[in-house]
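As stored in query26.tsv (TSV, C-alpha atoms):
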```tsv
chain	number	residue	atom	x	y	z
A	1	MET	CA	127.68	-113.01	221.68
A	2	ILE	CA	129.69	-112.60	218.48
A	3	SER	CA	128.81	-115.34	216.01
A	4	ALA	CA	128.84	-116.16	212.29
A	5	THR	CA	126.89	-118.89	210.49
A	6	VAL	CA	127.01	-119.64	206.77
A	7	ILE	CA	123.44	-119.69	205.44
A	8	ALA	CA	124.16	-120.30	201.74
A	9	ASP	CA	127.43	-120.94	199.92
A	10	SER	CA	127.60	-121.21	196.13
A	11	ILE	CA	130.31	-121.20	193.49
A	12	HIS	CA	130.39	-120.82	189.70
A	13	ASN	CA	133.75	-121.05	187.96
A	14	ASP	CA	136.02	-119.34	190.50
A	15	ASN	CA	133.39	-116.91	191.76
A	16	ARG	CA	132.21	-117.89	195.22
A	17	LEU	CA	129.14	-116.23	196.72
A	18	THR	CA	128.63	-116.70	200.45
A	19	THR	CA	125.79	-115.52	202.67
A	20	VAL	CA	126.55	-115.31	206.38
A	21	GLN	CA	124.25	-114.59	209.32
A	22	VAL	CA	126.16	-112.71	212.01
A	23	CYS	CA	125.68	-111.22	215.45
A	24	PHE	CA	127.98	-108.53	216.83
A	25	HIS	CA	128.18	-105.43	219.03
A	26	ARG	CA	126.00	-102.75	217.47
A	27	PHE	CA	128.55	-100.09	218.34
A	28	ILE	CA	130.89	-101.45	215.61
A	29	LEU	CA	128.16	-101.33	212.95
A	30	PRO	CA	129.91	-98.45	211.09
A	31	HIS	CA	132.95	-100.70	210.60
A	32	VAL	CA	130.80	-103.24	208.76
A	33	LEU	CA	128.91	-100.65	206.72
A	34	THR	CA	132.19	-99.27	205.37
A	35	HIS	CA	132.68	-102.32	203.14
A	36	ARG	CA	130.71	-101.57	199.97
A	37	ALA	CA	131.27	-105.01	198.42
A	38	PHE	CA	128.76	-106.38	200.91
A	39	SER	CA	125.03	-106.76	200.44
A	40	ARG	CA	123.52	-106.39	203.89
A	41	ASN	CA	120.26	-106.52	205.77
A	42	GLY	CA	120.26	-105.99	209.51
A	43	ARG	CA	117.92	-105.79	212.42
A	44	SER	CA	116.45	-102.31	212.60
A	45	ASP	CA	115.90	-100.57	215.92
A	46	ARG	CA	113.07	-98.71	214.21
A	47	ALA	CA	111.27	-102.03	213.79
A	48	VAL	CA	111.70	-103.69	217.18
A	49	PRO	CA	109.47	-102.58	220.10
A	50	THR	CA	111.31	-100.68	222.82
A	51	GLU	CA	110.09	-103.11	225.48
A	52	LYS	CA	111.81	-106.01	223.71
A	53	LEU	CA	115.09	-104.14	223.39
A	54	ILE	CA	114.97	-103.07	227.04
A	55	GLU	CA	114.59	-106.71	228.03
A	56	GLU	CA	117.61	-107.61	225.91
A	57	VAL	CA	119.74	-104.85	227.40
A	58	LEU	CA	118.83	-105.84	230.94
A	59	THR	CA	119.43	-109.57	230.42
A	60	ASP	CA	122.28	-109.63	227.87
A	61	PRO	CA	123.88	-106.25	227.17
A	62	ALA	CA	126.59	-106.03	224.53
A	63	ILE	CA	129.72	-105.37	226.59
A	64	PRO	CA	133.18	-104.56	225.17
A	65	ILE	CA	135.45	-107.60	225.06
A	66	SER	CA	138.59	-105.63	225.87
A	67	TRP	CA	139.43	-102.64	228.06
A	68	GLY	CA	142.50	-100.95	226.62
A	69	SER	CA	144.31	-98.08	228.29
A	70	ASN	CA	143.81	-94.55	227.02
A	71	LYS	CA	146.44	-92.96	224.77
A	72	PRO	CA	146.53	-90.69	221.69
A	73	GLY	CA	145.45	-92.24	218.39
A	74	MET	CA	142.79	-94.69	217.24
A	75	GLN	CA	144.24	-97.78	218.90
A	76	ALA	CA	144.06	-98.37	222.64
A	77	GLY	CA	147.13	-98.99	224.71
A	78	LYS	CA	147.89	-102.14	226.68
A	79	LYS	CA	144.98	-103.86	228.39
A	80	LEU	CA	144.02	-102.68	231.83
A	81	GLY	CA	144.45	-105.06	234.73
A	82	LYS	CA	141.87	-107.69	235.60
A	83	LYS	CA	140.53	-105.88	238.67
A	84	ILE	CA	140.04	-102.52	236.96
A	85	SER	CA	138.63	-104.23	233.86
A	86	GLU	CA	135.95	-105.83	236.03
A	87	ARG	CA	135.12	-102.42	237.45
A	88	CYS	CA	134.89	-101.00	233.91
A	89	LYS	CA	132.52	-103.79	232.95
A	90	GLU	CA	130.40	-102.96	235.98
A	91	GLU	CA	130.28	-99.28	234.98
A	92	TRP	CA	129.18	-100.30	231.48
A	93	ARG	CA	126.35	-102.32	232.97
A	94	PHE	CA	125.31	-99.35	235.11
A	95	ALA	CA	125.23	-97.19	231.98
A	96	SER	CA	123.11	-99.76	230.14
A	97	GLU	CA	120.61	-99.90	233.01
A	98	ASP	CA	120.45	-96.11	233.16
A	99	ALA	CA	119.74	-96.01	229.42
A	100	THR	CA	116.75	-98.33	229.93
A	101	TYR	CA	115.33	-96.01	232.62
A	102	ARG	CA	115.59	-93.02	230.27
A	103	ALA	CA	114.05	-95.05	227.44
A	104	VAL	CA	111.05	-95.93	229.63
A	105	ASP	CA	110.63	-92.26	230.56
A	106	LEU	CA	110.54	-91.20	226.91
A	107	LEU	CA	108.24	-94.08	225.98
A	108	ASN	CA	105.81	-93.04	228.72
A	109	LYS	CA	105.84	-89.53	227.31
A	110	GLY	CA	104.59	-90.93	224.01
A	111	VAL	CA	107.82	-90.78	221.98
A	112	HIS	CA	108.04	-93.24	219.05
A	113	LYS	CA	110.47	-96.13	219.24
A	114	GLU	CA	112.52	-94.84	216.28
A	115	VAL	CA	113.79	-92.15	218.69
A	116	VAL	CA	113.62	-93.93	222.04
A	117	ASN	CA	115.54	-96.99	220.86
A	118	ARG	CA	118.57	-94.87	219.95
A	119	LEU	CA	119.35	-94.55	223.64
A	120	LEU	CA	119.86	-98.31	223.78
A	121	ASP	CA	122.13	-98.61	220.71
A	122	PRO	CA	125.50	-98.85	222.53
A	123	PHE	CA	124.27	-101.84	224.52
A	124	LEU	CA	122.55	-103.87	221.78
A	125	TRP	CA	123.58	-106.85	219.71
A	126	GLN	CA	123.28	-106.36	215.95
A	127	HIS	CA	121.87	-109.22	213.88
A	128	MET	CA	122.76	-109.01	210.20
A	129	LEU	CA	122.76	-110.99	206.98
A	130	ILE	CA	125.76	-110.37	204.71
A	131	SER	CA	126.29	-111.70	201.17
A	132	SER	CA	129.46	-111.13	199.19
A	133	THR	CA	131.86	-112.49	196.59
A	134	GLU	CA	134.66	-110.29	197.95
A	135	TRP	CA	135.83	-110.94	201.52
A	136	ASP	CA	139.63	-110.56	201.33
A	137	ASN	CA	139.72	-106.79	201.89
A	138	PHE	CA	137.42	-107.08	204.88
A	139	PHE	CA	139.61	-109.75	206.43
A	140	GLU	CA	142.82	-107.82	205.69
A	141	GLN	CA	141.49	-104.62	207.22
A	142	ARG	CA	139.62	-106.08	210.17
A	143	ILE	CA	141.76	-109.03	211.26
A	144	SER	CA	144.58	-106.72	212.13
A	145	PRO	CA	146.30	-105.41	215.26
A	146	LEU	CA	144.95	-102.00	214.22
A	147	ALA	CA	141.30	-103.11	214.29
A	148	GLN	CA	138.99	-102.62	217.25
A	149	PRO	CA	138.92	-105.90	219.24
A	150	GLU	CA	135.18	-106.46	218.69
A	151	THR	CA	135.57	-105.90	214.94
A	152	LYS	CA	138.53	-108.26	214.79
A	153	ALA	CA	136.54	-110.92	216.63
A	154	LEU	CA	133.65	-110.59	214.17
A	155	ALA	CA	135.89	-110.78	211.11
A	156	SER	CA	137.71	-113.80	212.56
A	157	ALA	CA	134.41	-115.58	213.21
A	158	ILE	CA	133.22	-114.93	209.63
A	159	LYS	CA	136.51	-116.10	208.14
A	160	LYS	CA	136.40	-119.31	210.19
A	161	ALA	CA	132.78	-120.00	209.18
A	162	ILE	CA	133.57	-119.51	205.48
A	163	ARG	CA	136.75	-121.59	205.69
A	164	GLU	CA	134.81	-124.50	207.18
A	165	SER	CA	131.96	-124.28	204.65
A	166	LYS	CA	131.90	-126.20	201.38
A	167	PRO	CA	130.28	-124.22	198.55
A	168	LYS	CA	127.70	-125.80	196.26
A	169	ARG	CA	128.55	-125.58	192.55
A	170	LEU	CA	125.81	-123.88	190.52
A	171	GLY	CA	125.36	-123.58	186.77
A	172	PHE	CA	123.62	-120.98	184.67
A	173	ASN	CA	119.93	-120.50	185.53
A	174	GLU	CA	120.52	-121.99	188.97
A	175	TRP	CA	120.03	-119.75	191.96
A	176	HIS	CA	121.70	-118.87	195.25
A	177	THR	CA	118.69	-118.70	197.60
A	178	PRO	CA	119.51	-118.22	201.30
A	179	TYR	CA	117.20	-119.91	203.82
A	180	VAL	CA	115.38	-122.08	201.27
A	181	THR	CA	116.46	-125.12	199.25
A	182	ALA	CA	115.12	-126.78	196.13
A	183	LYS	CA	114.03	-129.69	198.30
A	184	GLU	CA	111.75	-127.44	200.34
A	185	GLU	CA	110.44	-125.51	197.32
A	186	PRO	CA	111.07	-127.08	193.86
A	187	ASP	CA	109.57	-124.16	191.90
A	188	VAL	CA	112.54	-121.84	191.31
A	189	GLU	CA	110.46	-118.65	190.96
A	190	ILE	CA	108.65	-119.28	194.24
A	191	ARG	CA	111.93	-120.29	195.86
A	192	LYS	CA	113.49	-116.95	194.89
A	193	MET	CA	110.56	-115.02	196.35
A	194	VAL	CA	110.61	-117.03	199.58
A	195	SER	CA	114.35	-116.44	199.93
A	196	VAL	CA	113.95	-112.67	199.49
A	197	ALA	CA	111.29	-112.58	202.19
A	198	ARG	CA	113.27	-114.66	204.66
A	199	CYS	CA	116.34	-112.48	204.12
A	200	ALA	CA	114.19	-109.43	204.84
A	201	ARG	CA	112.91	-110.83	208.13
A	202	VAL	CA	116.22	-110.03	209.81
A	203	SER	CA	114.99	-106.43	210.09
A	204	TYR	CA	113.00	-107.71	213.09
A	205	LYS	CA	114.82	-110.93	213.98
A	206	PRO	CA	116.74	-113.58	211.99
A	207	PHE	CA	114.62	-116.13	210.14
A	208	ASP	CA	113.54	-119.02	212.35
A	209	SER	CA	113.75	-122.27	210.38
A	210	LYS	CA	111.29	-123.87	212.83
A	211	LYS	CA	108.56	-121.43	211.79
A	212	LYS	CA	108.38	-121.86	208.03
A	213	ASP	CA	105.31	-120.44	206.32
A	214	ILE	CA	105.64	-120.03	202.56
A	215	ALA	CA	102.29	-118.27	202.27
A	216	LYS	CA	103.45	-115.56	204.68
A	217	ASP	CA	106.78	-115.38	202.90
A	218	LEU	CA	105.06	-114.71	199.58
A	219	GLU	CA	102.86	-112.09	201.22
A	220	LEU	CA	105.94	-110.31	202.58
A	221	TYR	CA	107.69	-110.56	199.20
A	222	ASN	CA	104.79	-108.76	197.54
A	223	LYS	CA	104.88	-106.03	200.19
A	224	LEU	CA	108.60	-105.50	199.63
A	225	ARG	CA	108.25	-105.38	195.84
A	226	ASP	CA	105.10	-103.24	195.73
A	227	ALA	CA	106.04	-100.71	198.42
A	228	LYS	CA	106.41	-97.08	197.33
A	229	PRO	CA	109.36	-96.94	197.08
A	230	PRO	CA	110.17	-100.68	196.88
A	231	HIS	CA	112.41	-102.28	199.52
A	232	TRP	CA	115.04	-103.68	197.17
A	233	SER	CA	117.92	-104.53	199.53
A	234	PRO	CA	116.74	-108.08	200.45
A	235	PHE	CA	116.61	-108.90	196.73
A	236	GLU	CA	120.41	-108.57	196.55
A	237	HIS	CA	121.11	-111.82	198.42
A	238	VAL	CA	119.38	-113.91	195.73
A	239	ALA	CA	121.60	-114.32	192.66
A	240	THR	CA	122.43	-116.45	189.62
A	241	PRO	CA	125.72	-117.00	187.74
A	242	SER	CA	126.35	-114.50	184.95
A	243	LEU	CA	128.91	-114.01	182.18
A	244	PHE	CA	128.14	-110.32	181.87
A	245	ALA	CA	129.44	-107.38	183.87
A	246	PRO	CA	127.36	-107.31	187.06
A	247	ARG	CA	124.93	-104.49	187.71
A	248	GLY	CA	125.39	-104.94	191.42
A	249	ASN	CA	128.30	-105.57	193.76
A	250	PHE	CA	128.89	-109.29	193.13
A	251	THR	CA	131.58	-110.63	190.81
A	252	GLY	CA	130.27	-113.24	188.35
A	253	TRP	CA	126.71	-113.17	189.70
A	254	GLU	CA	123.54	-111.32	188.70
A	255	GLN	CA	121.40	-110.27	191.62
A	256	GLU	CA	117.64	-110.55	191.59
A	257	ARG	CA	117.53	-106.86	192.42
A	258	GLY	CA	119.33	-106.01	189.18
A	259	LEU	CA	116.84	-108.04	187.17
A	260	LEU	CA	113.78	-106.38	188.71
A	261	SER	CA	114.70	-102.81	189.63
```
In structure tokens, write the structure found in this file.
Amino acid sequence: MISATVIADSIHNDNRLTTVQVCFHRFILPHVLTHRAFSRNGRSDRAVPTEKLIEEVLTDPAIPISWGSNKPGMQAGKKLGKKISERCKEEWRFASEDATYRAVDLLNKGVHKEVVNRLLDPFLWQHMLISSTEWDNFFEQRISPLAQPETKALASAIKKAIRESKPKRLGFNEWHTPYVTAKEEPDVEIRKMVSVARCARVSYKPFDSKKKDIAKDLELYNKLRDAKPPHWSPFEHVATPSLFAPRGNFTGWEQERGLLS
């Protein structure tokens, strides 16, 4: 289901940095990727075993939330009636089941999951972590009668989550560290590394707060940093207030990626 949860919310002067964990229909992923002010890490269908994705598609496929009538242009016409909409939903489920059969056939032929899993994309939920200091354009563009219904629902959920969150005020040399607090890890350098690793874990599944293991987090951090080439994107969610022009995409904040890369 479409959801949005604030993971970390920080403010310095008037510059608010918010990190949100979201879930949405994977078929609207291009709409999210269009917004370059965002730092993002999402679940990768190159990372998740095909068997796991097949189970998800069979038990909880991502189904359109609205069935609009066909007409010229990018926006659908008026919604179809209840009876025909139910039939459309049934056809979508049939298509999702057929995709799983084809995926199994390819998997049995020895094809790697980075290819096989593409067949399942239209029916998957996308888990993603998004950090940004600039949300207004996203809300203006996506909470609009012109937006696709699933995209509008996602943007509305994010806006509601941010509106209901109270940001923590940070000073210079204090850090925005999603998924880890100073209470859990007092050492700021370790806390930054743990946060990077936990942000990166969304490539397989969102971080599970019930399964904390700082040693494994530090091991993953080292793998991300030392890879050839390094995996820098998770380092963007960790940031500190800055007076200087940012090297990244945040206003008033210096990202850990900019300090290391």
Restrict the calculation to only C-alpha atoms, then for each residue of region 138-220 of chain A with any atom at most 9 Å from an atom of region 23-35 of chain A give the closest atom pair and their distance in Å to one decimal, rows by chain and rising residue number, as JSON lines.
```
{"residue": "A:Phe138", "atom": "CA", "partner": "A:His35", "partner_atom": "CA", "distance": 6.9}
{"residue": "A:Arg142", "atom": "CA", "partner": "A:His31", "partner_atom": "CA", "distance": 8.6}
{"residue": "A:Gln148", "atom": "CA", "partner": "A:Ile28", "partner_atom": "CA", "distance": 8.3}
{"residue": "A:Glu150", "atom": "CA", "partner": "A:His25", "partner_atom": "CA", "distance": 7.1}
{"residue": "A:Thr151", "atom": "CA", "partner": "A:Ile28", "partner_atom": "CA", "distance": 6.5}
{"residue": "A:Ala153", "atom": "CA", "partner": "A:Phe24", "partner_atom": "CA", "distance": 8.9}
{"residue": "A:Leu154", "atom": "CA", "partner": "A:Phe24", "partner_atom": "CA", "distance": 6.6}
```
Selection to disk with C-alpha atoms, as a CSV table (one decimal), in the coordinates of the input:
```
chain,number,residue,atom,x,y,z
A,138,PHE,CA,137.4,-107.1,204.9
A,142,ARG,CA,139.6,-106.1,210.2
A,148,GLN,CA,139.0,-102.6,217.2
A,150,GLU,CA,135.2,-106.5,218.7
A,151,THR,CA,135.6,-105.9,214.9
A,153,ALA,CA,136.5,-110.9,216.6
A,154,LEU,CA,133.6,-110.6,214.2
```
Contacts of Trp175 (chain A) at 8 Å or less, counting all atoms listed in the file, minus same-chain residues fewer than 4 places along, as a compact mmCIF listing (two decimals) with C-alpha atoms, in the frame of the given file?
```txt
# COMPACT_ATOMS: atom_id res chain seq x y z
CA LEU A 170 125.81 -123.88 190.52
CA VAL A 188 112.54 -121.84 191.31
CA LYS A 192 113.49 -116.95 194.89
CA VAL A 238 119.38 -113.91 195.73
CA ALA A 239 121.60 -114.32 192.66
CA THR A 240 122.43 -116.45 189.62
CA PRO A 241 125.72 -117.00 187.74
```
- Can you list, as JSON, numbers by chain, every protein, DNA or RNA residue that comes within 12 Å of Asn41 (chain A) when you count all atoms listed in the file, leaving out same-chain residues fewer than 6 positions away? {"A": [19, 20, 21, 22, 29, 32, 33, 126, 127, 128, 129, 130, 131, 196, 197, 198, 199, 200, 201, 202, 203, 204, 205, 206, 207, 231, 232, 233, 234, 235, 236, 237]}
- Task: For Leu243 (chain A), please output as JSON, numbers by chain all residues within 9 Å (counting all atoms listed in the file; exclusion window: fewer than 3 positions along the same chain).
- Result: {"A": [246, 252, 253, 254]}
- Item | d(CA of Ala182 (chain A), CA of Ala157 (chain A)) in Å |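 Going from CA of Ala182 (chain A) over to CA of Ala157 (chain A), I get 28.1 Å.
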- Message: Would you pick out the contacts of Arg169 (chain A) at 8 Å or less, using all atoms listed in the file, so that residues sharing its chain but fewer than 2 positions from it are not included, and give the list as a PyMOL selection string?
- Response: chain A and resi 10-12+167+171
- Which of these residues is nearest to Asp136 (chain A), using all atoms listed in the file: A:Trp92, A:Ala155, A:Phe123, A:Pro229? A:Ala155
- Task: Name the closest residue to Phe38 (chain A) among the candidates A:Trp135, A:Trp125, A:Tyr179, A:Tyr221; distances are taken between atoms, counting all atoms listed in the file.
- Result: A:Trp135
- Query: Excluding same-chain residues fewer than 5 positions from Glu97 (chain A), what lies within 12 Å of it counting all atoms listed in the file, as a list in words?
  - Reply: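 Counting only the stated atoms, we get Leu53, Ile54, Glu55, Glu56, Val57, Leu58, Thr59, Asp60, Pro61, Glu90, Glu91, Trp92, Arg102, Ala103, Val104, Leu119, Leu120, Pro122 and Phe123 of chain A.
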- Which is closest to Met74 (chain A) among A:Ala161, A:Leu17, A:Ala95, A:Ala147, if we use all atoms listed in the file?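 So, comparing all the options, the nearest one is A:Ala147.
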- Item | Option closest in space to Arg16 (chain A), from A:Lys83, A:Arg225, A:Lys166, A:Lys52 [counting all atoms listed in the file] |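 The closest residue to Arg16 (chain A) is A:Lys166.
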- Which residue out of A:Glu134, A:Glu86, A:Glu189, A:Glu114 has the minimum interatomic distance to Thr177 (chain A) when all atoms listed in the file are used?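 Among the listed residues, A:Glu189 lies closest to Thr177 (chain A).
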- Message: Between CA of Arg118 (chain A) and CA of Gly42 (chain A), what distance in Å does the model show, to one decimal?
- Response: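 Taking CA of Arg118 (chain A) as the start and CA of Gly42 (chain A) as the end point, the length is 15.3 Å.
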